[in-house]
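Shown next: final.csv, containing CSV, C-alpha atoms.
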```csv
chain,number,residue,atom,x,y,z
A,1,MET,CA,128.2,81.8,136.3
A,2,THR,CA,131.5,81.9,134.4
A,3,GLY,CA,134.7,83.0,135.9
A,4,THR,CA,134.7,86.4,134.2
A,5,GLU,CA,131.2,87.1,135.3
A,6,ARG,CA,132.1,86.4,138.9
A,7,ASN,CA,135.2,88.5,138.5
A,8,GLN,CA,133.2,91.4,137.2
A,9,GLN,CA,130.7,91.1,140.1
A,10,LEU,CA,133.5,91.1,142.6
A,11,GLN,CA,135.2,94.1,141.0
A,12,GLN,CA,132.2,96.2,140.1
A,13,PRO,CA,131.4,97.5,143.6
A,14,ALA,CA,135.1,97.7,144.5
A,15,LYS,CA,135.9,99.8,141.5
A,16,ASP,CA,134.4,102.9,142.9
A,17,THR,CA,136.5,102.9,146.1
A,18,ARG,CA,140.0,104.2,146.7
A,19,ASN,CA,140.5,103.2,150.3
A,20,THR,CA,142.1,99.8,149.6
A,21,GLY,CA,145.6,98.5,149.1
A,22,PRO,CA,148.1,101.3,148.4
A,23,GLY,CA,145.2,103.7,148.8
A,24,ARG,CA,145.3,103.0,152.5
A,25,LEU,CA,148.9,104.2,152.8
A,26,LEU,CA,148.0,107.3,150.7
A,27,ILE,CA,145.1,108.1,153.0
A,28,ALA,CA,147.3,107.6,156.1
A,29,VAL,CA,149.9,110.0,154.8
A,30,TYR,CA,147.3,112.5,153.7
A,31,ALA,CA,145.8,112.3,157.2
A,32,ILE,CA,149.1,113.1,158.8
A,33,PHE,CA,149.5,116.1,156.5
A,34,ALA,CA,146.0,117.2,157.2
A,35,LEU,CA,146.7,117.1,160.9
A,36,SER,CA,150.0,118.8,160.8
A,37,ALA,CA,149.0,121.5,158.3
A,38,THR,CA,145.8,122.3,160.3
A,39,ALA,CA,147.8,122.5,163.5
A,40,ARG,CA,150.4,124.6,161.9
A,41,ALA,CA,147.9,127.0,160.2
A,42,GLY,CA,145.9,127.3,163.4
A,43,TYR,CA,149.0,128.1,165.4
A,44,GLN,CA,150.3,130.7,162.9
A,45,ILE,CA,146.9,132.4,162.6
A,46,ALA,CA,146.4,132.4,166.4
A,47,THR,CA,149.8,133.8,167.3
A,48,LYS,CA,151.3,135.8,164.4
A,49,PHE,CA,148.8,136.3,161.7
A,50,ALA,CA,149.7,140.0,161.2
A,51,ASP,CA,153.4,139.2,160.5
A,52,ALA,CA,152.6,137.5,157.1
A,53,PRO,CA,148.9,137.3,156.4
A,54,LEU,CA,149.4,135.9,152.8
A,55,SER,CA,151.6,133.0,153.8
A,56,HIS,CA,149.3,132.2,156.8
A,57,ILE,CA,146.2,132.2,154.6
A,58,LEU,CA,148.1,129.9,152.3
A,59,SER,CA,148.8,127.6,155.2
A,60,ALA,CA,145.1,127.4,156.0
A,61,PHE,CA,144.3,126.8,152.4
A,62,ALA,CA,146.8,123.9,152.2
A,63,ALA,CA,145.2,122.5,155.4
A,64,VAL,CA,141.8,122.5,153.8
A,65,VAL,CA,143.1,120.8,150.6
A,66,TYR,CA,144.8,118.1,152.7
A,67,ILE,CA,141.6,117.5,154.7
A,68,LEU,CA,139.5,117.3,151.5
A,69,ALA,CA,142.0,114.9,149.9
A,70,THR,CA,142.0,112.6,153.0
A,71,VAL,CA,138.2,112.4,153.3
A,72,SER,CA,137.5,112.1,149.6
A,73,LEU,CA,140.0,109.3,149.1
A,74,ALA,CA,138.5,107.4,152.0
A,75,LYS,CA,134.9,107.7,150.6
A,76,PRO,CA,133.4,105.6,147.9
A,77,GLY,CA,131.6,106.8,144.8
A,78,ARG,CA,132.0,109.0,141.7
A,79,THR,CA,131.4,112.3,143.4
A,80,TRP,CA,134.1,111.7,145.9
A,81,PHE,CA,136.4,110.6,143.1
A,82,LYS,CA,135.9,114.1,141.5
A,83,VAL,CA,136.6,115.8,144.8
A,84,SER,CA,139.7,113.7,145.2
A,85,LEU,CA,140.9,114.6,141.7
A,86,ALA,CA,140.3,118.3,142.3
A,87,ALA,CA,142.0,118.2,145.7
A,88,VAL,CA,145.1,116.4,144.5
A,89,LEU,CA,145.4,118.6,141.4
A,90,THR,CA,145.1,121.7,143.5
A,91,GLU,CA,147.8,120.3,145.8
A,92,LEU,CA,150.1,119.6,142.8
A,93,VAL,CA,149.6,123.1,141.4
A,94,GLY,CA,149.9,124.6,144.9
A,95,VAL,CA,153.2,122.9,145.7
A,96,LEU,CA,154.7,123.8,142.2
A,97,VAL,CA,153.6,127.4,142.2
A,98,VAL,CA,154.3,128.1,145.9
A,99,GLY,CA,157.6,126.2,145.6
A,100,ALA,CA,158.7,128.2,142.6
A,101,ILE,CA,157.7,131.6,144.1
A,102,SER,CA,159.3,130.8,147.4
A,103,LEU,CA,162.5,129.9,145.6
A,104,PHE,CA,162.7,132.9,143.2
A,105,ASP,CA,161.0,135.5,145.4
A,106,PRO,CA,161.6,134.6,149.1
A,107,VAL,CA,160.5,138.1,150.2
A,108,LEU,CA,156.9,137.3,149.2
A,109,PHE,CA,156.8,134.3,151.6
A,110,PRO,CA,158.9,135.3,154.7
A,111,HIS,CA,157.3,132.5,156.7
A,112,ASP,CA,157.4,128.9,155.7
A,113,THR,CA,154.3,127.0,154.5
A,114,VAL,CA,154.0,123.3,153.9
A,115,TRP,CA,154.6,124.0,150.2
A,116,SER,CA,157.5,126.4,150.5
A,117,LEU,CA,160.6,125.3,148.6
A,118,PHE,CA,158.6,122.3,147.2
A,119,GLY,CA,157.9,121.0,150.7
A,120,ARG,CA,161.6,120.8,151.7
A,121,GLY,CA,160.8,121.2,155.4
A,122,TYR,CA,158.7,118.0,155.1
A,123,GLY,CA,161.2,115.9,153.2
A,124,PHE,CA,159.7,116.8,149.8
A,125,VAL,CA,156.7,114.5,150.7
A,126,PRO,CA,154.3,117.3,149.7
A,127,LEU,CA,155.8,117.2,146.2
A,128,VAL,CA,155.7,113.4,145.8
A,129,LEU,CA,152.3,112.9,147.4
A,130,PRO,CA,150.1,114.5,144.7
A,131,ILE,CA,152.0,112.6,142.0
A,132,LEU,CA,151.3,109.3,143.7
A,133,GLY,CA,147.8,110.5,144.3
A,134,LEU,CA,147.2,111.1,140.6
A,135,LEU,CA,148.7,107.7,139.7
A,136,TRP,CA,146.4,106.0,142.2
A,137,LEU,CA,143.3,107.9,141.1
A,138,ASN,CA,144.1,107.0,137.5
A,139,ARG,CA,144.2,103.3,138.5
A,140,ARG,CA,140.9,103.5,140.3
A,141,ARG,CA,139.1,105.6,137.8
A,142,PRO,CA,135.4,104.9,137.9
A,143,SER,CA,134.3,103.2,134.6
B,1,MET,CA,167.8,116.4,172.9
B,2,ASP,CA,167.2,114.3,176.0
B,3,GLY,CA,166.9,110.6,176.8
B,4,TYR,CA,163.2,110.5,176.0
B,5,PHE,CA,163.9,111.7,172.5
B,6,TYR,CA,166.7,109.1,172.0
B,7,SER,CA,164.6,106.2,173.3
B,8,ILE,CA,161.7,107.2,170.9
B,9,LEU,CA,164.3,107.6,168.1
B,10,VAL,CA,165.5,104.0,168.6
B,11,VAL,CA,162.1,102.4,169.1
B,12,GLY,CA,160.7,104.4,166.2
B,13,LEU,CA,163.5,103.4,163.9
B,14,VAL,CA,163.3,99.8,164.8
B,15,SER,CA,159.5,99.8,164.3
B,16,THR,CA,159.7,101.6,160.9
B,17,VAL,CA,162.4,99.2,159.6
B,18,MET,CA,160.5,96.1,160.8
B,19,CYS,CA,157.2,97.3,159.2
B,20,LEU,CA,159.0,98.3,156.0
B,21,VAL,CA,160.7,94.9,155.7
B,22,ALA,CA,157.5,93.1,156.4
B,23,GLY,CA,155.7,95.2,153.7
B,24,LEU,CA,158.4,94.6,151.2
B,25,MET,CA,158.2,90.8,151.9
B,26,LYS,CA,154.5,91.1,151.0
B,27,LYS,CA,153.4,90.2,154.5
B,28,ALA,CA,150.2,91.4,156.2
B,29,PRO,CA,150.5,93.1,159.6
B,30,ASN,CA,151.2,90.4,162.2
B,31,ASP,CA,152.1,90.4,165.9
B,32,PRO,CA,155.7,91.6,165.5
B,33,THR,CA,154.8,94.6,163.4
B,34,ILE,CA,151.8,95.6,165.4
B,35,LEU,CA,153.7,95.1,168.7
B,36,SER,CA,156.6,97.3,167.3
B,37,VAL,CA,154.1,100.1,166.8
B,38,LEU,CA,152.6,99.6,170.2
B,39,ALA,CA,156.2,99.8,171.6
B,40,VAL,CA,156.3,103.3,170.0
B,41,GLU,CA,153.1,104.1,171.9
B,42,LEU,CA,154.7,102.8,175.1
B,43,ALA,CA,157.8,105.0,174.6
B,44,LEU,CA,155.5,108.0,174.2
B,45,LEU,CA,153.6,107.1,177.3
B,46,VAL,CA,156.9,107.0,179.2
B,47,TYR,CA,157.7,110.5,177.8
B,48,LEU,CA,154.2,111.6,178.8
B,49,VAL,CA,154.5,110.4,182.4
B,50,GLY,CA,158.1,111.7,182.6
B,51,SER,CA,157.0,115.2,181.4
B,52,ILE,CA,154.1,115.3,183.8
B,53,VAL,CA,156.5,114.5,186.7
B,54,ARG,CA,159.1,117.1,185.5
B,55,VAL,CA,156.4,119.8,185.3
B,56,ALA,CA,155.0,118.8,188.7
B,57,LEU,CA,158.6,119.1,190.2
B,58,GLY,CA,158.7,122.7,189.0
B,59,GLU,CA,160.6,122.4,185.7
B,60,ARG,CA,159.4,124.9,183.1
B,61,ILE,CA,158.9,124.3,179.4
B,62,ALA,CA,160.9,126.9,177.5
B,63,GLY,CA,158.5,127.1,174.5
B,64,GLU,CA,154.8,127.3,174.3
B,65,THR,CA,153.3,125.0,176.9
B,66,TRP,CA,150.1,124.2,175.0
B,67,GLU,CA,152.1,123.5,171.8
B,68,PHE,CA,154.1,120.9,173.7
B,69,TRP,CA,151.0,119.2,175.1
B,70,GLY,CA,149.3,119.5,171.7
B,71,TYR,CA,152.1,117.6,170.1
B,72,MET,CA,152.0,115.0,172.9
B,73,ILE,CA,148.3,114.3,172.7
B,74,THR,CA,148.4,114.1,168.9
B,75,ALA,CA,151.5,111.9,168.9
B,76,LEU,CA,149.8,109.5,171.4
B,77,MET,CA,146.8,109.1,169.1
B,78,ILE,CA,148.8,108.3,165.9
B,79,PRO,CA,150.1,104.8,166.7
B,80,LEU,CA,146.7,103.7,167.9
B,81,GLY,CA,144.9,105.2,164.9
B,82,ALA,CA,147.4,103.5,162.5
B,83,VAL,CA,147.0,100.1,164.1
B,84,TYR,CA,143.2,100.5,163.8
B,85,TRP,CA,143.5,101.5,160.2
B,86,ALA,CA,146.0,98.7,159.5
B,87,VAL,CA,143.9,95.8,161.0
B,88,LEU,CA,140.8,96.9,159.2
B,89,GLU,CA,142.4,95.6,156.0
B,90,ARG,CA,145.3,93.3,156.5
B,91,THR,CA,147.3,93.5,153.4
B,92,ARG,CA,151.0,94.3,152.8
B,93,TRP,CA,150.1,97.9,152.3
B,94,SER,CA,148.9,98.2,155.9
B,95,ASN,CA,152.5,97.4,157.0
B,96,PHE,CA,153.6,100.5,155.1
B,97,VAL,CA,151.0,102.5,157.0
B,98,LEU,CA,152.5,101.1,160.2
B,99,ALA,CA,156.0,102.0,158.9
B,100,ALA,CA,154.9,105.6,158.6
B,101,VAL,CA,154.2,105.8,162.4
B,102,GLY,CA,157.8,105.5,163.6
B,103,VAL,CA,159.1,108.2,161.3
B,104,THR,CA,156.2,110.5,162.1
B,105,ILE,CA,156.6,110.1,165.8
B,106,MET,CA,160.4,110.6,165.6
B,107,VAL,CA,159.9,113.9,163.9
B,108,MET,CA,157.2,114.9,166.4
B,109,ALA,CA,159.4,113.9,169.4
B,110,ALA,CA,162.3,116.0,168.0
B,111,ARG,CA,159.9,119.0,167.7
B,112,MET,CA,158.7,118.4,171.3
B,113,ASN,CA,162.3,118.4,172.5
B,114,GLN,CA,162.9,121.7,170.8
B,115,ILE,CA,159.8,123.2,172.4
B,116,TRP,CA,160.8,121.9,175.8
B,117,TYR,CA,164.4,123.3,175.8
```
Encoding of this model in structure tokens:
Amino acid sequence: MTGTERNQQLQQPAKDTRNTGPGRLLIAVYAIFALSATARAGYQIATKFADAPLSHILSAFAAVVYILATVSLAKPGRTWFKVSLAAVLTELVGVLVVGAISLFDPVLFPHDTVWSLFGRGYGFVPLVLPILGLLWLNRRRPS
Amino acid sequence: MDGYFYSILVVGLVSTVMCLVAGLMKKAPNDPTILSVLAVELALLVYLVGSIVRVALGERIAGETWEFWGYMITALMIPLGAVYWAVLERTRWSNFVLAAVGVTIMVMAARMNQIWY
């Protein structure tokens, strides 16, 4: 067995996973956001849903996106890669669109969501996270 | 902000800096970084016991009671979960995972203080 063959054998099964190296940090941060977004959405819907239904539905949607991203990044395989890609892209579009709307038309989102003002309430992590996510997914793209 | 918050702030900051430096030095999680995260857990346990005592002595939480305890239970799980996640794959990246614990717990402790007063 030559060195390259051994290398390929070692890399082949590992190629379809995203839960290693920097991916572990990414998954950890996504998990924290999944947790806090879920708790926040649950709290808002349980206590003051009628005040601002749109922004609370959006909070719940963001929570689902974060949960999907966390789980799919941790799972191996092509299908989960596609789920990851969809979740991270949705997150990027979400934070950009909601960020812009909340900036230009604050009346539409009287209550803060994770994505309001590009995630300012969370140290702009929600804006940086999908970009890092896409870079990581690109590096671990299944062949 | 009370003493519990400030002690968590200090322990959390120290732990985050230690884990960050270790990660930047390309080290895998070792005793000092893991122990620093467990120190955060210990500070939270002190906050937990202190809060139980205060409630038992008749002090009232100004905000939502269940929100405070929800934060407390979640916060208590984070350091343990992170250590578990970090020792499963001992690379420099796991030290960055551990570094995230201190920051997260500091923010949560600040929120818990807001709810209490």
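Note that CA of Ala110 (chain B) and CA of Ala63 (chain A) are 22.2 Å apart.
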Item to complete: Could the residues of chain A within 10 Å of chain B, counting only C-alpha atoms, be given as a ChimeraX atom specification, please?
Response: /A:19-29,32,35-36,39,43,122
Would you put the residues from that selection into a file with C-alpha atoms, as a PDB file, in the coordinates of the input?
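Output saved as again13.pdb:
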```
ATOM      1  CA  ASN A  19     140.500 103.200 150.300  1.00  0.00           C
ATOM      2  CA  THR A  20     142.100  99.800 149.600  1.00  0.00           C
ATOM      3  CA  GLY A  21     145.600  98.500 149.100  1.00  0.00           C
ATOM      4  CA  PRO A  22     148.100 101.300 148.400  1.00  0.00           C
ATOM      5  CA  GLY A  23     145.200 103.700 148.800  1.00  0.00           C
ATOM      6  CA  ARG A  24     145.300 103.000 152.500  1.00  0.00           C
ATOM      7  CA  LEU A  25     148.900 104.200 152.800  1.00  0.00           C
ATOM      8  CA  LEU A  26     148.000 107.300 150.700  1.00  0.00           C
ATOM      9  CA  ILE A  27     145.100 108.100 153.000  1.00  0.00           C
ATOM     10  CA  ALA A  28     147.300 107.600 156.100  1.00  0.00           C
ATOM     11  CA  VAL A  29     149.900 110.000 154.800  1.00  0.00           C
ATOM     12  CA  ILE A  32     149.100 113.100 158.800  1.00  0.00           C
ATOM     13  CA  LEU A  35     146.700 117.100 160.900  1.00  0.00           C
ATOM     14  CA  SER A  36     150.000 118.800 160.800  1.00  0.00           C
ATOM     15  CA  ALA A  39     147.800 122.500 163.500  1.00  0.00           C
ATOM     16  CA  TYR A  43     149.000 128.100 165.400  1.00  0.00           C
ATOM     17  CA  TYR A 122     158.700 118.000 155.100  1.00  0.00           C
TER      18      TYR A 122
END
```
Discussion item. For region 64-75 of chain A, find every residue with an atom within 7 Å (counting only C-alpha atoms), except residues of its own chain fewer than 3 positions away, and show them as a PyMOL selection string.
Written reply: chain A and resi 17-19+27+30-31+33-34+60-61+80-81+83-84+87-88+91
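Taking CA of Pro130 (chain A) and CA of Gly94 (chain A) as the two end points, the separation is 10.1 Å.
Excluding region 47-59 of chain B itself and same-chain residues fewer than 3 positions from it, the residues having an atom within 9 Å of it are Tyr4, Phe5, Ile8, Leu42, Ala43, Leu44, Met72, Ile73 and Leu76 of chain B, counting only C-alpha atoms.
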Worksheet item: Excluding same-chain residues fewer than 6 positions from Asp31 (chain B), what lies within 12 Å of it counting all atoms listed in the file, as an MDAnalysis selection string?
Response: chainID B and resid 18:19 22 37:39 83 87 90 95
Using only the atoms of region 102-105 of chain A listed in the file, plus 3 Å on each side, state the axis-aligned box centre and edge lengths in Å rounded to one decimal, as lines of an AutoDock Vina configuration file.
```
center_x = 161.0
center_y = 132.7
center_z = 145.3
size_x = 9.4
size_y = 11.6
size_z = 10.2
```
Where atoms are missing, can you supply N, CA and C atoms for region 63-94 of chain A and output the lot as an mmCIF file, in the frame of the given file?
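Below is the file that was written, part-v3.cif:
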```cif
data_model
loop_
_atom_site.group_PDB
_atom_site.id
_atom_site.type_symbol
_atom_site.label_atom_id
_atom_site.label_comp_id
_atom_site.auth_asym_id
_atom_site.auth_seq_id
_atom_site.Cartn_x
_atom_site.Cartn_y
_atom_site.Cartn_z
ATOM 1 N N ALA A 63 145.853 123.377 154.367
ATOM 2 C CA ALA A 63 145.200 122.500 155.400
ATOM 3 C C ALA A 63 143.899 121.975 154.847
ATOM 4 N N VAL A 64 143.097 122.882 154.284
ATOM 5 C CA VAL A 64 141.800 122.500 153.800
ATOM 6 C C VAL A 64 141.935 121.487 152.628
ATOM 7 N N VAL A 65 142.912 121.734 151.737
ATOM 8 C CA VAL A 65 143.100 120.800 150.600
ATOM 9 C C VAL A 65 143.494 119.420 151.127
ATOM 10 N N TYR A 66 144.357 119.358 152.148
ATOM 11 C CA TYR A 66 144.800 118.100 152.700
ATOM 12 C C TYR A 66 143.587 117.342 153.356
ATOM 13 N N ILE A 67 142.754 118.105 154.065
ATOM 14 C CA ILE A 67 141.600 117.500 154.700
ATOM 15 C C ILE A 67 140.650 116.918 153.647
ATOM 16 N N LEU A 68 140.381 117.732 152.605
ATOM 17 C CA LEU A 68 139.500 117.300 151.500
ATOM 18 C C LEU A 68 140.053 116.031 150.849
ATOM 19 N N ALA A 69 141.354 116.019 150.589
ATOM 20 C CA ALA A 69 142.000 114.900 149.900
ATOM 21 C C ALA A 69 141.823 113.619 150.806
ATOM 22 N N THR A 70 142.092 113.757 152.107
ATOM 23 C CA THR A 70 142.000 112.600 153.000
ATOM 24 C C THR A 70 140.589 112.031 153.020
ATOM 25 N N VAL A 71 139.605 112.897 153.234
ATOM 26 C CA VAL A 71 138.200 112.400 153.300
ATOM 27 C C VAL A 71 137.737 111.837 152.027
ATOM 28 N N SER A 72 138.013 112.543 150.913
ATOM 29 C CA SER A 72 137.500 112.100 149.600
ATOM 30 C C SER A 72 138.099 110.781 149.176
ATOM 31 N N LEU A 73 139.376 110.576 149.506
ATOM 32 C CA LEU A 73 140.000 109.300 149.100
ATOM 33 C C LEU A 73 139.427 108.146 149.926
ATOM 34 N N ALA A 74 138.990 108.432 151.148
ATOM 35 C CA ALA A 74 138.500 107.400 152.000
ATOM 36 C C ALA A 74 137.014 107.013 151.630
ATOM 37 N N LYS A 75 136.308 107.956 150.966
ATOM 38 C CA LYS A 75 134.900 107.700 150.600
ATOM 39 C C LYS A 75 134.711 107.074 149.288
ATOM 40 N N PRO A 76 133.706 106.190 149.159
ATOM 41 C CA PRO A 76 133.400 105.600 147.900
ATOM 42 C C PRO A 76 132.577 106.467 146.975
ATOM 43 N N GLY A 77 132.527 106.124 145.689
ATOM 44 C CA GLY A 77 131.600 106.800 144.800
ATOM 45 C C GLY A 77 132.248 107.792 143.848
ATOM 46 N N ARG A 78 131.483 108.112 142.788
ATOM 47 C CA ARG A 78 132.000 109.000 141.700
ATOM 48 C C ARG A 78 132.212 110.401 142.166
ATOM 49 N N THR A 79 131.272 110.928 142.951
ATOM 50 C CA THR A 79 131.400 112.300 143.400
ATOM 51 C C THR A 79 132.654 112.534 144.184
ATOM 52 N N TRP A 80 132.894 111.597 145.112
ATOM 53 C CA TRP A 80 134.100 111.700 145.900
ATOM 54 C C TRP A 80 135.344 111.539 145.097
ATOM 55 N N PHE A 81 135.241 110.743 144.010
ATOM 56 C CA PHE A 81 136.400 110.600 143.100
ATOM 57 C C PHE A 81 136.737 111.987 142.525
ATOM 58 N N LYS A 82 135.682 112.718 142.100
ATOM 59 C CA LYS A 82 135.900 114.100 141.500
ATOM 60 C C LYS A 82 136.520 115.002 142.547
ATOM 61 N N VAL A 83 136.016 114.910 143.775
ATOM 62 C CA VAL A 83 136.600 115.800 144.800
ATOM 63 C C VAL A 83 138.047 115.424 145.048
ATOM 64 N N SER A 84 138.352 114.110 145.074
ATOM 65 C CA SER A 84 139.700 113.700 145.200
ATOM 66 C C SER A 84 140.617 114.260 144.136
ATOM 67 N N LEU A 85 140.125 114.132 142.894
ATOM 68 C CA LEU A 85 140.900 114.600 141.700
ATOM 69 C C LEU A 85 141.166 116.096 141.863
ATOM 70 N N ALA A 86 140.107 116.846 142.197
ATOM 71 C CA ALA A 86 140.300 118.300 142.300
ATOM 72 C C ALA A 86 141.252 118.628 143.443
ATOM 73 N N ALA A 87 141.135 117.939 144.581
ATOM 74 C CA ALA A 87 142.000 118.200 145.700
ATOM 75 C C ALA A 87 143.463 117.919 145.386
ATOM 76 N N VAL A 88 143.693 116.758 144.763
ATOM 77 C CA VAL A 88 145.100 116.400 144.500
ATOM 78 C C VAL A 88 145.688 117.265 143.402
ATOM 79 N N LEU A 89 144.869 117.649 142.390
ATOM 80 C CA LEU A 89 145.400 118.600 141.400
ATOM 81 C C LEU A 89 145.706 119.931 141.974
ATOM 82 N N THR A 90 144.823 120.417 142.845
ATOM 83 C CA THR A 90 145.100 121.700 143.500
ATOM 84 C C THR A 90 146.367 121.624 144.310
ATOM 85 N N GLU A 91 146.558 120.484 144.984
ATOM 86 C CA GLU A 91 147.800 120.300 145.800
ATOM 87 C C GLU A 91 149.006 120.338 144.904
ATOM 88 N N LEU A 92 148.930 119.662 143.745
ATOM 89 C CA LEU A 92 150.100 119.600 142.800
ATOM 90 C C LEU A 92 150.406 121.036 142.326
ATOM 91 N N VAL A 93 149.371 121.746 141.863
ATOM 92 C CA VAL A 93 149.600 123.100 141.400
ATOM 93 C C VAL A 93 150.105 123.980 142.518
ATOM 94 N N GLY A 94 149.516 123.824 143.700
ATOM 95 C CA GLY A 94 149.900 124.600 144.900
ATOM 96 C C GLY A 94 151.387 124.436 145.195
#
```
